[in-house]
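File shown: target_8.cif. Contents: mmCIF, C-alpha atoms.
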data_entry
#
loop_
_atom_site.label_atom_id
_atom_site.label_comp_id
_atom_site.auth_asym_id
_atom_site.auth_seq_id
_atom_site.Cartn_x
_atom_site.Cartn_y
_atom_site.Cartn_z
CA MET G 17 26.70 61.98 32.26
CA ALA G 18 25.59 65.52 33.09
CA LEU G 19 27.94 68.36 34.00
CA PRO G 20 28.12 69.19 37.72
CA ALA G 21 25.67 71.94 38.71
CA LEU G 22 26.78 75.57 38.61
CA SER G 23 24.92 78.88 38.89
CA GLY G 24 23.47 80.38 35.69
CA VAL G 25 26.31 82.65 34.57
CA GLU G 26 29.07 80.33 35.74
CA ALA G 27 27.42 77.42 33.98
CA ALA G 28 27.26 79.48 30.79
CA LYS G 29 30.95 80.36 31.03
CA ARG G 30 31.86 76.70 31.48
CA LEU G 31 29.76 75.65 28.48
CA ALA G 32 31.47 78.18 26.21
CA ALA G 33 34.94 77.22 27.39
CA TYR G 34 34.37 73.46 27.12
CA ALA G 35 32.87 73.76 23.63
CA ALA G 36 35.78 75.88 22.38
CA VAL G 37 38.40 73.51 23.77
CA ASP G 38 36.61 70.52 22.26
CA ARG G 39 36.60 72.18 18.83
CA HIS G 40 40.05 73.79 18.79
CA VAL G 41 42.52 72.15 21.20
CA LEU G 42 43.10 69.03 19.15
CA LYS G 43 45.66 66.24 19.01
CA GLY G 44 47.96 68.32 16.82
CA SER G 45 47.72 71.44 19.01
CA LYS G 46 51.15 71.62 20.62
CA LEU G 47 51.52 75.38 21.22
CA VAL G 48 48.46 76.69 23.05
CA GLY G 49 47.73 80.22 24.24
CA ILE G 50 45.70 80.66 27.42
CA GLY G 51 43.92 84.00 27.72
CA SER G 52 42.58 86.00 30.63
CA GLY G 53 39.26 86.52 32.35
CA SER G 54 36.65 84.75 34.42
CA THR G 55 35.85 82.16 31.73
CA VAL G 56 39.44 81.03 31.23
CA PRO G 57 39.69 78.77 34.33
CA TYR G 58 37.13 76.54 32.62
CA VAL G 59 39.33 76.46 29.49
CA VAL G 60 42.23 75.11 31.54
CA ASP G 61 39.90 72.69 33.33
CA ARG G 62 38.75 71.19 30.02
CA ILE G 63 42.31 70.92 28.72
CA VAL G 64 43.32 69.03 31.86
CA GLN G 65 40.38 66.69 31.27
CA GLN G 66 41.98 65.69 27.96
CA GLY G 67 44.54 63.79 30.02
CA VAL G 68 48.24 63.57 30.74
CA GLU G 69 49.01 61.82 27.45
CA ALA G 70 47.35 64.57 25.39
CA ASN G 71 49.16 67.34 27.29
CA LYS G 72 52.62 65.85 27.78
CA ASP G 73 54.11 67.39 24.60
CA ARG G 74 52.19 70.67 24.73
CA LEU G 75 53.41 74.09 25.78
CA PHE G 76 51.00 76.65 27.19
CA PHE G 77 51.50 80.40 26.84
CA PRO G 78 49.82 82.81 29.30
CA THR G 79 48.55 86.31 28.60
CA GLY G 80 49.06 87.48 32.18
CA PHE G 81 49.58 86.59 35.81
CA GLN G 82 46.18 84.91 36.18
CA SER G 83 46.61 82.51 33.27
CA LYS G 84 50.24 81.79 34.20
CA GLN G 85 49.11 80.65 37.64
CA LEU G 86 46.31 78.56 36.13
CA ILE G 87 48.82 76.78 33.90
CA ILE G 88 51.23 76.15 36.76
CA ASP G 89 48.53 75.02 39.20
CA ALA G 90 47.19 72.58 36.59
CA GLY G 91 50.62 70.98 36.17
CA LEU G 92 50.87 72.04 32.52
CA GLN G 93 54.12 73.11 30.85
CA LEU G 94 54.75 76.84 30.48
CA GLY G 95 55.92 78.14 27.13
CA ASP G 96 57.99 81.27 26.53
CA VAL G 97 57.04 83.72 23.77
CA ASP G 98 60.72 84.64 23.42
CA GLN G 99 61.24 81.22 21.82
CA TYR G 100 58.26 81.09 19.44
CA THR G 101 56.72 83.35 16.81
CA ARG G 102 53.48 81.43 16.27
CA LEU G 103 50.95 79.40 18.24
CA ASP G 104 48.56 76.73 17.01
CA VAL G 105 45.59 78.10 18.92
CA CYS G 106 44.73 80.60 21.62
CA ILE G 107 41.46 80.68 23.58
CA ASP G 108 40.70 83.92 25.37
CA GLY G 109 37.89 85.63 27.22
CA ALA G 110 36.12 88.78 26.04
CA ASP G 111 34.27 91.67 27.62
CA GLU G 112 32.02 92.01 24.56
CA VAL G 113 31.88 90.64 21.00
CA ASP G 114 30.00 92.17 18.07
CA ALA G 115 28.37 90.59 15.02
CA GLN G 116 31.64 90.79 13.02
CA LEU G 117 33.67 89.09 15.81
CA ASN G 118 35.34 92.34 16.84
CA SER G 119 35.73 92.45 20.60
CA ILE G 120 36.45 94.65 23.58
CA LYS G 121 39.07 93.21 25.90
CA GLY G 122 41.12 94.55 28.76
CA GLY G 123 38.70 94.48 31.66
CA GLY G 124 41.46 92.58 33.45
CA ALA G 125 44.17 94.96 32.18
CA CYS G 126 45.88 92.30 30.02
CA GLN G 127 45.07 93.60 26.54
CA LEU G 128 48.66 94.08 25.36
CA ARG G 129 49.76 90.53 26.07
CA GLU G 130 46.40 89.19 24.92
CA LYS G 131 46.80 90.90 21.58
CA VAL G 132 50.38 89.68 21.14
CA LEU G 133 49.21 86.07 21.57
CA ALA G 134 46.14 86.63 19.40
CA ASP G 135 48.35 87.95 16.61
CA MET G 136 50.71 84.97 16.99
CA SER G 137 47.98 82.36 16.78
CA ASP G 138 46.86 80.43 13.72
CA VAL G 139 43.44 80.23 15.39
CA TRP G 140 42.22 82.72 18.00
CA VAL G 141 38.75 82.28 19.48
CA THR G 142 36.93 83.96 22.34
CA VAL G 143 34.74 82.42 25.02
CA ALA G 144 32.14 84.21 27.13
CA ASP G 145 28.69 83.98 28.61
CA PHE G 146 25.51 85.25 26.93
CA ARG G 147 25.86 88.76 28.43
CA LYS G 148 28.86 89.49 26.19
CA ASN G 149 27.04 88.78 22.92
CA SER G 150 26.25 92.06 21.11
CA GLU G 151 25.50 93.42 17.68
CA ILE G 152 27.53 96.59 18.24
CA LEU G 153 30.39 97.04 20.70
CA GLY G 154 29.42 99.19 23.66
CA GLN G 155 25.81 98.00 23.81
CA ASN G 156 26.42 95.80 26.86
CA TRP G 157 29.93 96.74 27.99
CA LYS G 158 29.44 100.29 29.27
CA GLN G 159 32.82 100.79 30.96
CA GLY G 160 34.44 101.84 27.71
CA ILE G 161 37.48 100.74 25.74
CA PRO G 162 40.47 99.89 27.94
CA VAL G 163 43.53 101.82 26.78
CA GLU G 164 46.96 100.92 28.16
CA VAL G 165 49.00 104.06 28.65
CA VAL G 166 52.58 104.91 29.62
CA PRO G 167 52.28 106.52 33.11
CA PHE G 168 54.45 109.49 32.11
CA ALA G 169 51.94 110.42 29.37
CA TYR G 170 48.57 109.55 30.91
CA VAL G 171 47.37 113.15 31.36
CA GLN G 172 48.25 114.00 27.77
CA VAL G 173 46.63 110.81 26.49
CA MET G 174 43.42 111.44 28.43
CA ASP G 175 43.24 114.92 26.92
CA ARG G 176 43.66 113.49 23.42
CA LEU G 177 41.03 110.84 24.07
CA GLN G 178 38.54 113.46 25.20
CA LYS G 179 39.23 115.60 22.14
CA ALA G 180 38.68 112.48 20.00
CA GLY G 181 35.15 112.16 21.34
CA GLY G 182 35.69 109.86 24.31
CA ALA G 183 35.03 110.18 28.03
CA PRO G 184 38.27 108.84 29.56
CA VAL G 185 38.56 107.71 33.18
CA LEU G 186 41.78 106.54 34.81
CA ARG G 187 41.12 103.08 36.25
CA MET G 188 41.75 103.05 40.00
CA GLY G 189 42.77 100.07 42.13
CA LYS G 190 40.21 98.50 44.45
CA ALA G 191 42.62 97.14 47.06
CA LYS G 192 45.37 99.75 46.73
CA ALA G 193 45.72 103.51 46.78
CA GLY G 194 46.20 104.82 43.27
CA PRO G 195 45.63 103.59 39.73
CA VAL G 196 45.60 100.03 38.40
CA VAL G 197 49.01 99.05 37.04
CA SER G 198 49.19 96.45 34.26
CA ASP G 199 51.62 93.51 34.17
CA ASN G 200 53.73 95.76 31.94
CA GLY G 201 53.89 98.60 34.47
CA ASN G 202 51.44 100.85 32.65
CA PHE G 203 48.17 102.63 33.56
CA ILE G 204 44.76 101.71 32.17
CA VAL G 205 42.34 104.37 30.96
CA ASP G 206 38.74 103.28 30.32
CA CYS G 207 37.18 105.35 27.58
CA PRO G 208 33.56 105.10 26.36
CA PHE G 209 32.83 106.46 22.87
CA PRO G 210 29.52 107.33 21.18
CA GLU G 211 27.71 104.54 19.34
CA GLU G 212 28.37 106.08 15.93
CA MET G 213 32.12 105.74 16.54
CA MET G 214 31.79 102.19 17.90
CA ARG G 215 30.09 101.12 14.67
CA ASP G 216 33.53 101.26 12.98
CA PRO G 217 35.84 99.76 15.60
CA PHE G 218 38.74 99.27 13.20
CA LYS G 219 38.84 102.97 12.34
CA LEU G 220 38.59 103.91 16.01
CA LEU G 221 41.36 101.45 16.89
CA THR G 222 43.62 102.91 14.20
CA ASN G 223 43.07 106.46 15.41
CA LEU G 224 43.66 105.60 19.06
CA LYS G 225 46.87 103.71 18.32
CA LEU G 226 48.27 106.88 16.73
CA ILE G 227 48.09 108.80 20.01
CA THR G 228 51.57 109.18 21.49
CA GLY G 229 51.76 107.46 24.85
CA VAL G 230 49.21 104.76 24.00
CA VAL G 231 50.77 101.30 24.34
CA GLU G 232 47.77 99.19 23.30
CA VAL G 233 44.02 99.50 22.82
CA GLY G 234 41.46 96.94 23.96
CA LEU G 235 39.77 96.70 20.56
CA PHE G 236 40.46 93.39 18.84
CA CYS G 237 39.49 93.67 15.19
CA GLY G 238 39.89 91.12 12.42
CA LEU G 239 41.60 88.57 14.65
CA ALA G 240 38.96 86.06 15.79
CA LYS G 241 38.01 82.92 13.90
CA GLY G 242 35.04 82.37 16.20
CA ALA G 243 33.24 83.37 19.38
CA TYR G 244 31.59 80.93 21.79
CA PHE G 245 28.75 82.08 24.06
CA GLY G 246 27.29 79.88 26.77
CA ASN G 247 23.55 80.43 27.16
CA GLU G 248 21.15 80.21 30.09
CA ASP G 249 19.28 77.28 28.55
CA GLY G 250 22.39 75.06 28.43
CA THR G 251 23.15 75.61 24.75
CA VAL G 252 26.21 77.24 23.19
CA THR G 253 26.06 79.78 20.37
CA ILE G 254 29.07 79.70 18.05
CA ARG G 255 29.48 82.79 15.92
CA THR G 256 31.87 82.76 12.96
CA LEU G 257 32.38 85.02 9.98
CA THR G 258 30.25 82.69 7.87
CA GLY G 259 27.29 82.30 10.21
CA THR G 260 25.97 81.09 13.55
CA GLU G 261 25.72 77.57 14.94
CA GLN G 262 23.93 76.28 18.02
CA ILE G 263 25.24 73.40 20.15
CA LYS G 264 22.41 71.84 22.12
CA GLU G 265 24.57 69.99 24.64
CA VAL G 266 28.21 69.92 25.74
CA PRO G 267 29.46 66.51 26.94
CA ALA G 268 30.52 66.21 30.57
CA GLU G 269 33.78 64.55 29.59
CA ALA G 270 36.30 65.84 27.09
CA PRO G 271 36.19 63.88 23.80
CA LEU G 272 39.25 62.02 22.56
CA ASN G 273 40.52 64.13 19.65
#
The structure in this file should be written as structure tokens.
Amino acid sequence: MALPALSGVEAAKRLAAYAAVDRHVLKGSKLVGIGSGSTVPYVVDRIVQQGVEANKDRLFFPTGFQSKQLIIDAGLQLGDVDQYTRLDVCIDGADEVDAQLNSIKGGGACQLREKVLADMSDVWVTVADFRKNSEILGQNWKQGIPVEVVPFAYVQVMDRLQKAGGAPVLRMGKAKAGPVVSDNGNFIVDCPFPEEMMRDPFKLLTNLKLITGVVEVGLFCGLAKGAYFGNEDGTVTIRTLTGTEQIKEVPAEAPLN
């Protein structure tokens, strides 16, 4: 049975999400993190396809308002991070992923909660369409690194970011007057950096985290076990630290794990 038709990019997102769920949300996965972004609804869709019996003893942990609503609307059980210090698996979106599985996240202003769940998870993988697949961060994602900032300190932080070699811009709301406010009540500053600095994202992350007033940085380094990219031709590219694999076809129905 073939998957229902979707447009090119949406079809690619669905392929990546379905493949990741099939590989990582298994019978023994009881504590599951649900990330943020436009690919994540397909993650939840595939989990629901696994059936009521598979999901009855699972708890699902959201990274933000979007994923919380997806969990609730799907009839899945919400988990509370105040009660757990680890998760079995978390599947999250990404704005861009490099050859070493480092990623830029925070286009949806959820990077703090996303990183908390990523750090809690035994297995953290990202899902995205082919446009997010890069060799070096910043090649495709031109908006810059999302930096979550305490509102009281945003002017000072933007000055420090500029002196560090960046070009910071305070992210403004599209349906409100004023800046975007994260689920944590903070501002988001988008800051592009030159390619030579992006070639060492861990060093850049470390330096940015040392700026007073910075809450979290949308660079995720050394956390991912894999990255799944849906392609235009209907295949899925799986990138891990040990190599690359190609899936030629994703089944229409979720397998019984």
Test item: residues at most 9 Å from segment 163-170 of chain G, all atoms listed in the file, excluding those fewer than 4 positions along its chain, as number ranges by chain = G: 122, 125-128, 174-175, 186, 198, 201-207, 224, 228-235
Matched chain/residue IDs from the PyMOL selection byres ((chain G and resi 35-39) around 7), as a list in words |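 With the PyMOL selection byres ((chain G and resi 35-39) around 7) on this model, the match is Leu31, Ala32, Ala33, Tyr34, His40, Val41, Val59, Arg62, Ile63, Tyr244, Val266, Ala270 and Pro271 of chain G.
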Find the residues around Leu272 of chain G up to 10 Å (all atoms listed in the file counted), leave out those fewer than 3 positions away in its own chain, and share them as a PDB file with C-alpha atoms, keeping the file's coordinate frame.
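This is the output file out35.pdb:
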ATOM      1  CA  ASP G  38      36.610  70.520  22.260  1.00  0.00           C
ATOM      2  CA  LEU G  42      43.100  69.030  19.150  1.00  0.00           C
ATOM      3  CA  LYS G  43      45.660  66.240  19.010  1.00  0.00           C
ATOM      4  CA  GLN G  65      40.380  66.690  31.270  1.00  0.00           C
ATOM      5  CA  GLN G  66      41.980  65.690  27.960  1.00  0.00           C
ATOM      6  CA  GLY G  67      44.540  63.790  30.020  1.00  0.00           C
ATOM      7  CA  ALA G  70      47.350  64.570  25.390  1.00  0.00           C
ATOM      8  CA  GLU G 269      33.780  64.550  29.590  1.00  0.00           C
TER       9      GLU G 269
END
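Across the model, the gap from atom CA of Pro267 of chain G to atom CA of Leu117 of chain G is 25.5 Å.
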Selection near segment 256-265 of chain G, 12 Å with all atoms listed in the file, sequence-local residues under 2 positions removed, as a PyMOL selection string | chain G and resi 17-19+28+31-32+34-36+38-39+113-118+140-142+238-254+267-269
Two-atom distance - atom CA of Gly95 of chain G, atom CA of Glu112 of chain G (Å) =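 Answer for the atom CA of Gly95 of chain G to atom CA of Glu112 of chain G separation: 27.8 Å.
What the PyMOL selection byres ((chain G and resi 181) around 10) picks from this file is Arg176, Leu177, Gln178, Lys179, Ala180, Gly182, Ala183, Pro184, Cys207, Pro208, Phe209, Pro210 and Met213 of chain G.
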With a distance cut-off of 10 Å and only C-alpha atoms, select the neighbouring residues of Gln82 of chain G, excluding the residue or stretch itself and same-chain residues fewer than 3 positions from it, and output the selection as a ChimeraX atom specification.
-> /G:50-54,56-57,78-79,85-87,124,126
Return segment 115-129 of chain G, completed with N, CA and C atoms, as an mmCIF file, in the coordinates of the input.
data_model
loop_
_atom_site.group_PDB
_atom_site.id
_atom_site.type_symbol
_atom_site.label_atom_id
_atom_site.label_comp_id
_atom_site.auth_asym_id
_atom_site.auth_seq_id
_atom_site.Cartn_x
_atom_site.Cartn_y
_atom_site.Cartn_z
ATOM 1 N N ALA G 115 28.832 91.510 16.064
ATOM 2 C CA ALA G 115 28.370 90.590 15.020
ATOM 3 C C ALA G 115 29.467 90.230 14.032
ATOM 4 N N GLN G 116 30.524 91.054 13.934
ATOM 5 C CA GLN G 116 31.640 90.790 13.020
ATOM 6 C C GLN G 116 32.840 90.172 13.735
ATOM 7 N N LEU G 117 32.635 89.726 14.980
ATOM 8 C CA LEU G 117 33.670 89.090 15.810
ATOM 9 C C LEU G 117 34.720 90.072 16.316
ATOM 10 N N ASN G 118 34.486 91.371 16.160
ATOM 11 C CA ASN G 118 35.340 92.340 16.840
ATOM 12 C C ASN G 118 35.009 92.284 18.336
ATOM 13 N N SER G 119 35.990 92.557 19.167
ATOM 14 C CA SER G 119 35.730 92.450 20.600
ATOM 15 C C SER G 119 36.393 93.572 21.389
ATOM 16 N N ILE G 120 35.828 93.818 22.564
ATOM 17 C CA ILE G 120 36.450 94.650 23.580
ATOM 18 C C ILE G 120 37.080 93.717 24.597
ATOM 19 N N LYS G 121 38.353 93.967 24.899
ATOM 20 C CA LYS G 121 39.070 93.210 25.900
ATOM 21 C C LYS G 121 39.917 94.168 26.729
ATOM 22 N N GLY G 122 40.286 93.709 27.906
ATOM 23 C CA GLY G 122 41.120 94.550 28.760
ATOM 24 C C GLY G 122 40.478 94.891 30.078
ATOM 25 N N GLY G 123 39.314 94.266 30.359
ATOM 26 C CA GLY G 123 38.700 94.480 31.660
ATOM 27 C C GLY G 123 39.598 94.004 32.795
ATOM 28 N N GLY G 124 40.480 93.057 32.481
ATOM 29 C CA GLY G 124 41.460 92.580 33.450
ATOM 30 C C GLY G 124 42.832 93.178 33.262
ATOM 31 N N ALA G 125 42.925 94.195 32.411
ATOM 32 C CA ALA G 125 44.170 94.960 32.180
ATOM 33 C C ALA G 125 45.269 94.141 31.509
ATOM 34 N N CYS G 126 44.889 93.169 30.688
ATOM 35 C CA CYS G 126 45.880 92.300 30.020
ATOM 36 C C CYS G 126 45.888 92.466 28.507
ATOM 37 N N GLN G 127 45.303 93.537 27.986
ATOM 38 C CA GLN G 127 45.070 93.600 26.540
ATOM 39 C C GLN G 127 46.326 93.574 25.689
ATOM 40 N N LEU G 128 47.442 94.102 26.170
ATOM 41 C CA LEU G 128 48.660 94.080 25.360
ATOM 42 C C LEU G 128 49.133 92.655 25.137
ATOM 43 N N ARG G 129 49.282 91.901 26.208
ATOM 44 C CA ARG G 129 49.760 90.530 26.070
ATOM 45 C C ARG G 129 48.726 89.647 25.378
#
